[in-house]
Structure formats: structure tokens, C-alpha cells
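Chemist: Take a look at this one; I'll ask things after.
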Amino acid sequence: MEKPRLTFWQIWNMSFGFMGIQFGFGLQNANVSRIFETLGASIDQIPILWIAAPLTGLLVQPIIGYFSDRTWTVLGRRRPYFLCGAIASSLALIIMPYSPYLWVAAGMLWILDASINISMEPFRALVADNLPSEQRTQGFAVQTFFIGVGSVVASAMPYLLSNVFDVANTAPVGEVPPSVKISFLCGALVFVASILWTVIRTKEYSPKELAAFHGEASEPEQEKASLKAIFADIKAMPKTMMQLAVVQFFSWFALFAMWIYTTSAVTSQIFGTADTSSAMYNEGADWVGLCFAAYNGISALAAFALPWLAQRTSRKFVHSLSLIIGGLSLASISLIQNPTMLMVNMVGIGLAWASILCMPYAILAGALPAKKMGFYMGVFNFFIVLPQILAAGILGFFTRWAFDGNTMMAIVLGGASMIFAGLVVCIVKDEDEPNKIEQGIQAEGVTA
């Protein structure tokens with residue numbers, strides 16, 4: 001018995017909640033460093049303050065994946081986690097920009113990122129649960145589209161509020177501007193509304209149905225949850241997953257460097273100020289938000305082009321090419337003097353971002369056992385958060401001592417890391433490559 005193909009609109013409804021998740025994530029990426037600096041954080045403190053994000057992902061996603069594999073409620077297997085995570089994330093989004101002290105903002109980042117991870121991890125597993133192999137690339141591509149849309153609006157919102165609706169983008173020393181506060185309030189509303197859409201309009205296959213799809217006579221007996229079983233499963237990690245882990249490590253090191261240092265690098269080098277209360281600094285910070293919106297917009301468009309290109313070449317080729325272009329685009333930000341020219345760099349970064357959100361998961365899903373899909377998708381997150389923890393631990397040191405306080409050099413280092421990730425893709429074995437499977441079927445037909 002095979003999984004039925006879903007219509008485009010069923011895939012659309014299943015992925016819609018990711019727009020809200022990424023709305024929250026986009027606000028976080030574009031504005032948290034700004035909030036930290038406004039509340040008094042120094043440049044070398046920012047990476048350590050950001051360490052909350054990867055640490056919570058490291059702890060939360062495997063645990064949520066492990067238990068969502070073993071959950072079945074009236075809402076299904078994955079959907080209860082979407083909903084709980086959305087509610088907690090929205091509360092954190094409301095509180096963060098009103099933080100009176102730096103330690104309060106740092107605490108809110110912990111809560112926000114933990115809650116986003118609770119919602120995010122089951123979404124990856126839901127695509128693998130519900131879609132047959134030949135539709136998974138499309139499924140992850142639609143998720144990438146919604147990630148792009150959510151991030152575009154979230155990243156650009158402070159800029160739009162201040163430049164279109166005349167909301168103030170400056171505030172007294174130590175206070176977050178009104179444009180940022182309103183953006184976070186809107187993000188909380190969008191997060192909950194989009195998750196509710198997916199919860200209401202998506203069905204999930206029961207454990208018994210999934211067992212039938214994978215050729216098992218009946219619903220498999222669930223293993224007893226234990227630390228021993230968790231570590232045994234980690235030890236038995238598929239080879240493809242281990243190879244992709246290296247690619248993910250260097251890709252996400254680059255992204256983390258970009259997220260935490262672009263505001264500082266651009267405001268210092270291109271706008272010529274580090275004074276967080278100045279109009280010029282806030283204009284530069286708003287422009288960074290618009291640049292982040294641009295690369296996310298490019299990723300939303302590329303999400304539909306990448307599956308088409310992968311079908312005509314391979315998923316590995318597409319991912320490798322995208323990462324190399326993205327790395328070159330990131331590193332070359334250091335050459336820019338006119339802020340408008342940054343938009344050219346955002347095209348390459350957006351292509352890489354679309355591929356990072358789509359291709360590794362499409363390759364990975366075909367190498368994982370179905371009954372442990374959620375757990376392994378969560379473990380795969382290790383190789384997203386570990387490089388971020390490393391970056392948080394060393395980038396502050398490198399920036400102060402090796403780069404003499406020049407945060408732009410951290411961006412260049414990130415670009416080099418992404419290029420290396422693109423080269424490493426060549427060693428990955430894609431066991432479930434649709435083109436190879438189709439070619440094999442055709443060869444069998446000719447032989448017969």
C-alpha cells in the first residue's frame with residue numbers, strides 16, 4: 001500500500017503554519033541584536049547572548065521529535081506540538097521588545113527560541129509523514145516558500161512602519177523604538193493565526209495507517225521511551241545523515257555569523273556609526289531588516305525553481321551550487337560601500353537560504369526509518385545548533401582580538417564557511433534521489 005499523492009492545496013494548507021513560525025524567527029533574526037545593543041550589550045557580548053537560540057534547539061527538537069513519534073491524540077501526532085509552541089512563542093514576542101533590562105531580553109530569547117523549536121520540528125516530520133517520496137521535494141519547497149513570505153514581512157516591518165506609516169524608529173537611550181515594538185505585536189498575532197490554519201485544515205495518518213504504507217502488517221509496537229533507546233538510535237544514525245551533518249554544520253555557522261553581525265557590520269562600515277540612539281544607526285538597522293526581507297523574498301521565489309532544477313539535474317548539484325553562490329555573496333558584502341548594492345548580495349544569499357531549507361531535508365527523509373522520522377529530524381537539528389554554539393563561543397573572541405573589532409570580517413568568515421559546505425555536498429549519498437529511482441525503473445522495464 002502506497003501513500004496517496006496530495007494535491008497542491010493540501011500541501012499548501014499543511015505548510016501554511018510555517019509562515020507564522022518564520023514570522024517569529026524573522027523578527028528575532030533581524031531585531032534581537034538591535035534590541036541587545038539598545039539595552040547596553042557590547043559587540044563582543046552579543047554572540048554569547050545569542051547562544052540561547054542554538055542551545056534551546058539542541059535540547060528541545062530531539063525531545064519533541066522523540067515524543068511526537070509516540071504521540072496520538074484527537075489532534076493527531078504533530079499538531080498538538082504546533083499549537084502549544086505557537087501560544088508560548090506569541091507570549092514571548094509580546095514581552096521581548098518591552099524588556100526593561102538586558103537580562104530580561106536574553107531570557108525572552110530563550111523562551112522564544114524554545115517555543116519556536118517546539119512548533120518547528122514536527123512540521124519537518126509532518127511533510128515526511130504525509131507525502132510519498134516523489135512529492136517530498138515539493139513539500140519542503142512549499143514550506144520554504146512560506147518561510148520566505150513570513151521572513152520578508154517580518155524583516156521589513158520596522159522599515160515599512162517607519163517609512164510608510166510614519167511610526168518612530170528612534171527612542172530614548174535604552175528603549176526599543178515603537179516600530180520594533182509594533183512589529184513584534186503583529187508577529188504574535190500572525191504566529192497563532194497561521195498555526196491554527198494548519199491545525200484545522202490538515203489531517204494526519206494514524207500510526208496504523210503509516211505502518212500499512214511501509215509494508216508492516218499492523219501498527220508496530222512502540223519502544224519504551226528511555227535514554228538508552230535515544231542514545232542507541234543516535235549511534236545507529238544513517239550514513240546519509242552523517243554526511244549531511246557536515247554540510248549543515250558549515251552552512252549554519254555561516255548563517256549565524258550573518259544574523260548576529262550584519263547589523264553591526266553594515267551600520268559601522270556603510271552608515272558610519274555605532275551610536276544605537278542615533279538616527280543614522282537606526283536607519284542602517286532598518287535597512288538591514290529590509291535586506292533580510294529581500295533575501296527571504298528571493299528564497300520564496302527560488303523555492304519553486306529549485307525542485308524544477310533538481311528534477312533536471314540532481315538535488316546534490318542544486319544544493320552545492322546554491323551554497324557556493326551564497327557564500328560568495330555573503331563574503332563580498334565586505335566590498336560594498338553603497339547600501340543599495342547590498343540587494344545584489346541578497347539574491348545569492350536568498351538562493352542559498354532556499355536550498356538550505358529544502359534540499360537537505362528532501363535528501364534526508366528518504367534515508368530515515370518512517371517510525372523514527374520525528375526523532376531523527378530532531379537529531380538532525382544538532383548539526384544546525386552545534387555550529388551556532390561554536391560561533392557564539394568564538395566569534396566574539398575573533399572579532400575583538402583577531403579582527404580588531406571589525407565585525408565585517410566575521411561576515412567574510414561566514415562566507416568562506418558556506419563555500420566549504422557547498423564543496424562538501426559532493427560526498428553526500430542521496431539514497432532516495434527521484435531521478436535515479438525513475439531511471440532504475442525504466443532500465444528494469446527495458447531489461448524485461
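Just remember, in the C-alpha cells the first chain shown is A, the second B, etc., residues are 1-based per chain, and ligands are 1-based in the order shown.
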Just want the 9 Å neighbourhood of Asp233 in chain A, counted on only C-alpha atoms, with same-chain residues fewer than 4 positions away dropped. Output as a count of residues only.
Modeler: 6
Chemist: Using only C-alpha atoms, which residues sit within 10 Å of Tyr159 in chain A once same-chain residues fewer than 6 positions away are excluded, as a ChimeraX atom specification?
Modeler: /A:165-167,169,179-180,183,282-290
Chemist: Take the residues from that selection and put them in a file with C-alpha atoms, as a PDB file, in the first residue's frame.
Modeler:
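New file part-v7.pdb:
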```
ATOM      1  CA  PHE A 165       3.266  54.715   8.249  1.00  0.00           C
ATOM      2  CA  ASP A 166       5.485  57.305   9.985  1.00  0.00           C
ATOM      3  CA  VAL A 167       5.938  55.237  13.143  1.00  0.00           C
ATOM      4  CA  ASN A 169      12.133  54.301  14.588  1.00  0.00           C
ATOM      5  CA  SER A 179       8.392  50.473  15.125  1.00  0.00           C
ATOM      6  CA  VAL A 180      10.071  47.390  16.576  1.00  0.00           C
ATOM      7  CA  SER A 183       6.305  44.629  14.674  1.00  0.00           C
ATOM      8  CA  ASN A 282      18.559  53.143  13.216  1.00  0.00           C
ATOM      9  CA  GLU A 283      18.297  53.934   9.513  1.00  0.00           C
ATOM     10  CA  GLY A 284      21.081  51.397   8.895  1.00  0.00           C
ATOM     11  CA  ALA A 285      19.432  48.828  11.164  1.00  0.00           C
ATOM     12  CA  ASP A 286      16.135  49.276   9.299  1.00  0.00           C
ATOM     13  CA  TRP A 287      17.999  48.812   6.010  1.00  0.00           C
ATOM     14  CA  VAL A 288      19.487  45.536   7.300  1.00  0.00           C
ATOM     15  CA  GLY A 289      15.949  44.407   8.079  1.00  0.00           C
ATOM     16  CA  LEU A 290      14.952  45.275   4.519  1.00  0.00           C
TER      17      LEU A 290
END
```
Chemist: What's the 12 Å shell around Met409 in chain A, counting only C-alpha atoms, without same-chain residues fewer than 6 positions away, as a list in words?
Modeler: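 Once the adjacent positions are removed, what remains is Ala254, Ala257, Met258, Tyr261, Thr262, Ser264, Ala265, Val266, Gln269, Leu330, Ala331, Ser332, Ile333, Ser334, Leu335, Leu395, Gly396, Phe398, Thr399, Arg400, Trp401, Ala402, Phe403, Gly415 and Ala416 of chain A.
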Chemist: Could you give me the residues within range 129-169 of chain A that DSSP places in helix (DSSP H, G or I), as a VMD selection string?
Modeler: chain A and resid 129 to 130 133 to 163
Chemist: I want to know what sits within 9 Å of Asn29 in chain A, based on only C-alpha atoms, with residues of the same chain fewer than 2 positions away left out; could you give that as a PyMOL selection string?
Modeler: chain A and resi 24-27+31-33+155+259-260+289+292
Chemist: Put those residues in a file: N, CA and C atoms, as a compact mmCIF listing (two decimals), in the first residue's frame.
Modeler:
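Once everything was written out, this is again.txt:
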```
# COMPACT_ATOMS: atom_id res chain seq x y z
N GLY A 24 7.95 34.82 13.35
CA GLY A 24 8.61 35.00 14.64
C GLY A 24 10.12 34.89 14.53
N PHE A 25 10.59 33.91 13.76
CA PHE A 25 12.02 33.70 13.58
C PHE A 25 12.66 34.88 12.85
N GLY A 26 11.93 35.43 11.85
CA GLY A 26 12.45 36.56 11.10
C GLY A 26 12.58 37.81 11.96
N LEU A 27 11.58 38.07 12.81
CA LEU A 27 11.68 39.19 13.74
C LEU A 27 12.86 39.02 14.68
N ASN A 31 16.12 41.63 14.50
CA ASN A 31 15.98 42.68 15.51
C ASN A 31 16.59 42.38 16.88
N VAL A 32 16.92 41.13 17.18
CA VAL A 32 17.39 40.82 18.53
C VAL A 32 18.73 41.48 18.83
N SER A 33 19.67 41.44 17.86
CA SER A 33 20.95 42.13 18.10
C SER A 33 20.72 43.62 18.34
N SER A 155 10.93 40.82 8.49
CA SER A 155 12.18 41.56 8.44
C SER A 155 11.97 43.01 7.99
N TRP A 259 23.55 36.53 10.81
CA TRP A 259 22.44 37.04 11.61
C TRP A 259 22.90 37.93 12.76
N ILE A 260 23.96 37.54 13.43
CA ILE A 260 24.34 38.29 14.62
C ILE A 260 25.20 39.51 14.32
N GLY A 289 17.21 45.14 8.06
CA GLY A 289 15.95 44.41 8.08
C GLY A 289 15.36 44.27 6.69
N PHE A 292 17.34 41.67 4.83
CA PHE A 292 16.93 40.33 5.26
C PHE A 292 15.59 39.96 4.62
```
